[in-house]
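Working notes, beginning with the structure itself.
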Amino acid sequence: MSGLNASLGFFLAVVIFAGSVRTLLKRWPQFSFLSEFASSFMLVACWLEVQTIVEVGEWAGGLGPDVTVTMLFVVLLTHGVICGEASGNPSLVVQKFLQLEATTLHTLLAVGAQFVGAQSAFLAATFYWSLELTDMHMIKNLMSSECSTSLMVPVLHGFFTECACAHIFHLIHLNLRRRSALIRVPLIAVLLTFLSHTARSYTSAYINPSLAYGLTFRCPGFTFIQYAVVYWLSSLMGMTLAVLLYMGHIPRIFAKNLLYNQKTRFRVPKGEKAEKKKM
C-alpha cells in the first residue's frame with residue numbers, strides 16, 4: 001500500500017506542475033504552443049508510473065490489474081480536465097494542420113514541444129525512481145536499464161494493430177470534438193483506457209507518437225526505425241484515414257470531396273418554384 005501512496009504523491013506533483021505551467025502561459029498567448037510541453041510531460045510521466053505498477057507492482061506490491069486499469073483511467077481523465085485543448089499528442093496536432101486549423105510554424109513548434117516534454121518526463125521519472133522510496137521503485141530503478149518493450153508482436157502485426165486503434169480513436173474524436181467537455185473528456189478517457197487494455201498483449205495502443213517515444217523506444221528488442229514504423233507512421237496513417245473518412249477529403253492536400261456528394265442543404269419548396277416560373 002505504501003507503493004500506491006508514493007505513486008499517488010508522484011501523480012499529484014506532476015499534475016500540479018502541469019497545471020501551473022498552463023496557468024502561467026495564459027499570460028503570454030504567443031507561447032501557447034508550450035502548453036503542449038506541459039501536456040506531454042504530464043501524460044508521459046504519469047503513464048510511466050502506471051507502467052511501473054503494471055510491471056512491478058502487480059507482484060511486488062500486491063496491486064492487481066483492476067488497480068492499474070483504474071489508475072490509467074483516472075490519469076487520462078485528469079489529463080483531459082487539466083490540459084484541455086492541449087492534447088500532448090502529435091497526431092492530433094497534425095490532424096488540425098491537415099484540417100487547416102493550424103499553421104505550419106505552430107504545428108512544428110507544438111510537435112517539438114511535445115517530444116521535449118516526453119523526454120523531460122522520462123528524466124523526471126528516472127530521478128524519482130532513483131530515490132527508491134518504496135520496494136516497488138527500488139526494483140524499478142534496478143530494472144530501468146533493461147525495460148520491457150510494449151511491442152509484443154512482429155513489426156507488421158504491430159503496425160496494423162496500432163493503425164486500426166488510431167483510426168478508431170481519431171474517428172470518434174472527430175465526432176466528439178464539438179460536444180461539451182463534460183461528455184467528450186470522460187468518453188475519450190474510457191476509449192483510450194479500453195484500447196490500451198485490449199491491445200496490452202500487442203502494442204499497448206498508445207496512439208500517440210511522443211507518448212510511445214517516452215515509454216518504449218529505449219527498450220531493447222527492436223530498432224528505432226521499427227519502433228517509428230509501428231508507433232509513428234501507423235498513428236499518422238490511422239489519423240489521415242480517419243480525417244478522409246470523416247470529411248470526405250483532406251483540406252490541406254485537396255479541396256474536392258472524394259467520398260460524399262455536396263448537395264444543397266436547404267431546398268426551395270415546390271410552391272415557391274412554381275411561383276417563380278409564373279413570374
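Chain labels run A, B, ... following the order of the C-alpha cells; each chain numbers its residues from 1, and ligands are numbered from 1 in the order shown.
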Contacts of A:Leu195 at 9 Å (only C-alpha atoms; same-chain gap of 6+ positions) as a PDB file with all heavy atoms, in the first residue's frame:
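Listing of selection10.pdb after writing:
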ATOM      1  N   CYS A 165      -6.223   0.952 -34.191  1.00  0.00           N
ATOM      2  CA  CYS A 165      -6.605   1.639 -32.951  1.00  0.00           C
ATOM      3  C   CYS A 165      -6.597   3.156 -33.145  1.00  0.00           C
ATOM      4  O   CYS A 165      -7.492   3.862 -32.659  1.00  0.00           O
ATOM      5  CB  CYS A 165      -5.658   1.249 -31.824  1.00  0.00           C
ATOM      6  SG  CYS A 165      -5.818  -0.475 -31.276  1.00  0.00           S
ATOM      7  N   PHE A 169      -9.776   5.697 -32.760  1.00  0.00           N
ATOM      8  CA  PHE A 169      -9.693   6.819 -31.830  1.00  0.00           C
ATOM      9  C   PHE A 169      -9.947   8.155 -32.516  1.00  0.00           C
ATOM     10  O   PHE A 169     -10.751   8.967 -32.051  1.00  0.00           O
ATOM     11  CB  PHE A 169      -8.318   6.843 -31.160  1.00  0.00           C
ATOM     12  CG  PHE A 169      -8.018   8.132 -30.452  1.00  0.00           C
ATOM     13  CD1 PHE A 169      -8.647   8.458 -29.263  1.00  0.00           C
ATOM     14  CD2 PHE A 169      -7.111   9.058 -30.983  1.00  0.00           C
ATOM     15  CE1 PHE A 169      -8.384   9.661 -28.615  1.00  0.00           C
ATOM     16  CE2 PHE A 169      -6.848  10.245 -30.353  1.00  0.00           C
ATOM     17  CZ  PHE A 169      -7.486  10.556 -29.163  1.00  0.00           C
ATOM     18  N   SER A 204       0.016  -2.102 -26.839  1.00  0.00           N
ATOM     19  CA  SER A 204      -0.494  -1.220 -25.778  1.00  0.00           C
ATOM     20  C   SER A 204      -1.276  -0.031 -26.319  1.00  0.00           C
ATOM     21  O   SER A 204      -1.756   0.794 -25.543  1.00  0.00           O
ATOM     22  CB  SER A 204       0.620  -0.716 -24.852  1.00  0.00           C
ATOM     23  OG  SER A 204       1.137  -1.782 -24.089  1.00  0.00           O
ATOM     24  N   ALA A 205      -1.397   0.077 -27.636  1.00  0.00           N
ATOM     25  CA  ALA A 205      -2.239   1.104 -28.273  1.00  0.00           C
ATOM     26  C   ALA A 205      -2.015   2.490 -27.677  1.00  0.00           C
ATOM     27  O   ALA A 205      -2.931   3.109 -27.158  1.00  0.00           O
ATOM     28  CB  ALA A 205      -3.712   0.704 -28.173  1.00  0.00           C
ATOM     29  N   TYR A 206      -0.803   2.991 -27.789  1.00  0.00           N
ATOM     30  CA  TYR A 206      -0.519   4.333 -27.271  1.00  0.00           C
ATOM     31  C   TYR A 206      -1.199   5.415 -28.123  1.00  0.00           C
ATOM     32  O   TYR A 206      -1.613   6.453 -27.601  1.00  0.00           O
ATOM     33  CB  TYR A 206       0.990   4.572 -27.232  1.00  0.00           C
ATOM     34  CG  TYR A 206       1.699   3.702 -26.224  1.00  0.00           C
ATOM     35  CD1 TYR A 206       2.874   3.031 -26.563  1.00  0.00           C
ATOM     36  CD2 TYR A 206       1.200   3.545 -24.942  1.00  0.00           C
ATOM     37  CE1 TYR A 206       3.529   2.224 -25.646  1.00  0.00           C
ATOM     38  CE2 TYR A 206       1.849   2.735 -24.017  1.00  0.00           C
ATOM     39  CZ  TYR A 206       3.018   2.082 -24.376  1.00  0.00           C
ATOM     40  OH  TYR A 206       3.658   1.282 -23.466  1.00  0.00           O
TER      41      TYR A 206
END
For A:Ile253: contacts at 9 Å, only C-alpha atoms, fewer than 3 positions along chain excluded, given as an mmCIF file with N, CA and C atoms, in the first residue's frame:
data_model
loop_
_atom_site.group_PDB
_atom_site.id
_atom_site.type_symbol
_atom_site.label_atom_id
_atom_site.label_comp_id
_atom_site.auth_asym_id
_atom_site.auth_seq_id
_atom_site.Cartn_x
_atom_site.Cartn_y
_atom_site.Cartn_z
ATOM 1 N N LEU A 98 -3.856 19.354 -40.992
ATOM 2 C CA LEU A 98 -4.478 18.841 -42.208
ATOM 3 C C LEU A 98 -5.876 19.422 -42.421
ATOM 4 N N HIS A 249 -12.483 14.342 -47.593
ATOM 5 C CA HIS A 249 -11.269 14.839 -48.235
ATOM 6 C C HIS A 249 -10.322 15.331 -47.155
ATOM 7 N N ILE A 250 -9.100 15.671 -47.564
ATOM 8 C CA ILE A 250 -8.107 16.225 -46.637
ATOM 9 C C ILE A 250 -7.847 17.663 -47.069
#
Option closest in space to A:Gly238, from A:Thr198, A:Thr78, A:Gln95, A:Thr203 [counting only C-alpha atoms]: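 Among the listed residues, the smallest separation from A:Gly238 belongs to A:Gln95.
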Helix (DSSP H, G or I) residues, from DSSP on the backbone, in stretch 23-174 of chain A, as a PyMOL selection string: chain A and resi 23-25+29-60+65-83+90-98+104-130+135-146+155-174
Can you write just those residues out, C-alpha atoms, as a compact mmCIF listing (two decimals), in the first residue's frame?
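So the final result, stored in selection39.txt, reads:
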# COMPACT_ATOMS: atom_id res chain seq x y z
CA THR A 23 -1.73 28.85 -15.87
CA LEU A 24 1.45 30.87 -16.40
CA LEU A 25 1.23 30.51 -20.18
CA PRO A 29 -0.66 33.71 -25.65
CA GLN A 30 2.21 33.93 -28.17
CA PHE A 31 3.84 30.98 -26.36
CA SER A 32 0.68 28.87 -26.32
CA PHE A 33 2.49 26.02 -28.07
CA LEU A 34 4.43 25.46 -24.83
CA SER A 35 1.20 24.22 -23.24
CA GLU A 36 1.81 21.09 -25.34
CA PHE A 37 5.07 20.65 -23.41
CA ALA A 38 3.19 20.61 -20.10
CA SER A 39 0.51 18.30 -21.50
CA SER A 40 3.02 15.80 -22.88
CA PHE A 41 5.11 15.94 -19.70
CA MET A 42 2.09 15.15 -17.55
CA LEU A 43 0.85 12.33 -19.76
CA VAL A 44 4.21 10.58 -20.17
CA ALA A 45 5.30 10.97 -16.54
CA CYS A 46 2.02 9.62 -15.16
CA TRP A 47 1.87 6.78 -17.70
CA LEU A 48 5.45 5.77 -16.81
CA GLU A 49 4.35 5.39 -13.20
CA VAL A 50 1.29 3.37 -14.25
CA GLN A 51 3.64 1.22 -16.34
CA THR A 52 5.79 0.72 -13.23
CA ILE A 53 2.76 -0.52 -11.33
CA VAL A 54 1.91 -2.89 -14.19
CA GLU A 55 5.45 -4.29 -14.49
CA VAL A 56 6.44 -4.40 -10.82
CA GLY A 57 3.53 -3.51 -8.57
CA GLU A 58 1.34 -6.46 -9.52
CA TRP A 59 3.80 -8.93 -8.00
CA ALA A 60 5.99 -6.78 -5.70
CA PRO A 65 -4.88 -5.43 -12.83
CA ASP A 66 -8.08 -3.71 -11.69
CA VAL A 67 -5.98 -1.14 -9.81
CA THR A 68 -3.75 -0.39 -12.80
CA VAL A 69 -6.68 -0.03 -15.22
CA THR A 70 -8.48 2.28 -12.76
CA MET A 71 -5.37 4.39 -12.27
CA LEU A 72 -4.84 4.67 -16.03
CA PHE A 73 -8.42 5.86 -16.48
CA VAL A 74 -8.03 8.42 -13.68
CA VAL A 75 -4.76 9.66 -15.22
CA LEU A 76 -6.37 10.08 -18.65
CA LEU A 77 -9.44 11.76 -17.19
CA THR A 78 -7.33 14.16 -15.12
CA HIS A 79 -5.14 14.89 -18.12
CA GLY A 80 -8.18 15.79 -20.20
CA VAL A 81 -9.55 18.09 -17.50
CA ILE A 82 -6.27 19.85 -16.65
CA CYS A 83 -4.80 20.19 -20.14
CA PRO A 90 1.48 14.94 -32.18
CA SER A 91 -1.13 13.08 -34.24
CA LEU A 92 -3.89 15.42 -33.03
CA VAL A 93 -1.72 18.46 -33.76
CA VAL A 94 -1.03 17.22 -37.30
CA GLN A 95 -4.75 16.50 -37.65
CA LYS A 96 -5.53 20.15 -37.02
CA PHE A 97 -2.88 21.08 -39.58
CA LEU A 98 -4.48 18.84 -42.21
CA THR A 104 2.88 25.12 -40.32
CA LEU A 105 5.01 27.00 -37.78
CA HIS A 106 2.62 26.40 -34.88
CA THR A 107 2.40 22.70 -35.79
CA LEU A 108 6.19 22.27 -35.85
CA LEU A 109 6.65 24.14 -32.56
CA ALA A 110 3.86 22.20 -30.86
CA VAL A 111 5.18 18.80 -32.00
CA GLY A 112 8.71 19.75 -30.93
CA ALA A 113 7.42 20.85 -27.51
CA GLN A 114 5.60 17.52 -27.11
CA PHE A 115 8.72 15.46 -27.71
CA VAL A 116 10.77 17.68 -25.38
CA GLY A 117 8.04 17.20 -22.78
CA ALA A 118 8.19 13.42 -23.24
CA GLN A 119 11.98 13.38 -22.81
CA SER A 120 11.76 15.63 -19.74
CA ALA A 121 9.11 13.37 -18.22
CA PHE A 122 11.35 10.34 -18.66
CA LEU A 123 14.24 12.12 -16.93
CA ALA A 124 11.95 13.23 -14.08
CA ALA A 125 10.57 9.70 -13.64
CA THR A 126 14.09 8.22 -13.70
CA PHE A 127 15.16 10.61 -10.94
CA TYR A 128 12.05 9.75 -8.93
CA TRP A 129 12.76 6.01 -9.22
CA SER A 130 16.38 6.58 -8.15
CA ASP A 135 10.42 -1.56 -2.69
CA MET A 136 8.49 -1.25 -5.95
CA HIS A 137 10.51 1.79 -7.01
CA MET A 138 13.77 0.22 -5.86
CA ILE A 139 13.10 -2.76 -8.17
CA LYS A 140 12.08 -0.41 -10.97
CA ASN A 141 15.31 1.54 -10.56
CA LEU A 142 17.32 -1.68 -10.85
CA MET A 143 15.33 -2.66 -13.97
CA SER A 144 15.38 0.78 -15.61
CA SER A 145 18.30 -0.07 -17.92
CA GLU A 146 16.53 -3.26 -19.10
CA VAL A 155 6.54 -5.14 -36.65
CA LEU A 156 3.95 -5.68 -39.40
CA HIS A 157 1.38 -7.02 -36.95
CA GLY A 158 2.10 -4.13 -34.59
CA PHE A 159 1.79 -1.61 -37.41
CA PHE A 160 -1.71 -2.74 -38.36
CA THR A 161 -2.80 -3.03 -34.72
CA GLU A 162 -1.67 0.50 -33.89
CA CYS A 163 -3.08 1.86 -37.18
CA ALA A 164 -6.50 0.31 -36.52
CA CYS A 165 -6.61 1.64 -32.95
CA ALA A 166 -5.51 5.10 -34.14
CA HIS A 167 -8.18 5.10 -36.84
CA ILE A 168 -10.92 4.23 -34.33
CA PHE A 169 -9.69 6.82 -31.83
CA HIS A 170 -9.41 9.70 -34.30
CA LEU A 171 -12.75 8.92 -35.93
CA ILE A 172 -14.52 9.01 -32.57
CA HIS A 173 -12.53 12.09 -31.51
CA LEU A 174 -13.63 13.94 -34.66
Polymer residues at most 8 Å from A:Thr216, only C-alpha atoms, same-chain spacing of 2 or more positions, as a list in words: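 Here the answer would be Cys147, Ser148, Thr149, Ser150, Ala212, Tyr213, Gly214, Arg218 and Cys219 of chain A.
The spacing separating atom CA of A:Pro209 from atom CA of A:Ser235 amounts to 7.2 Å.
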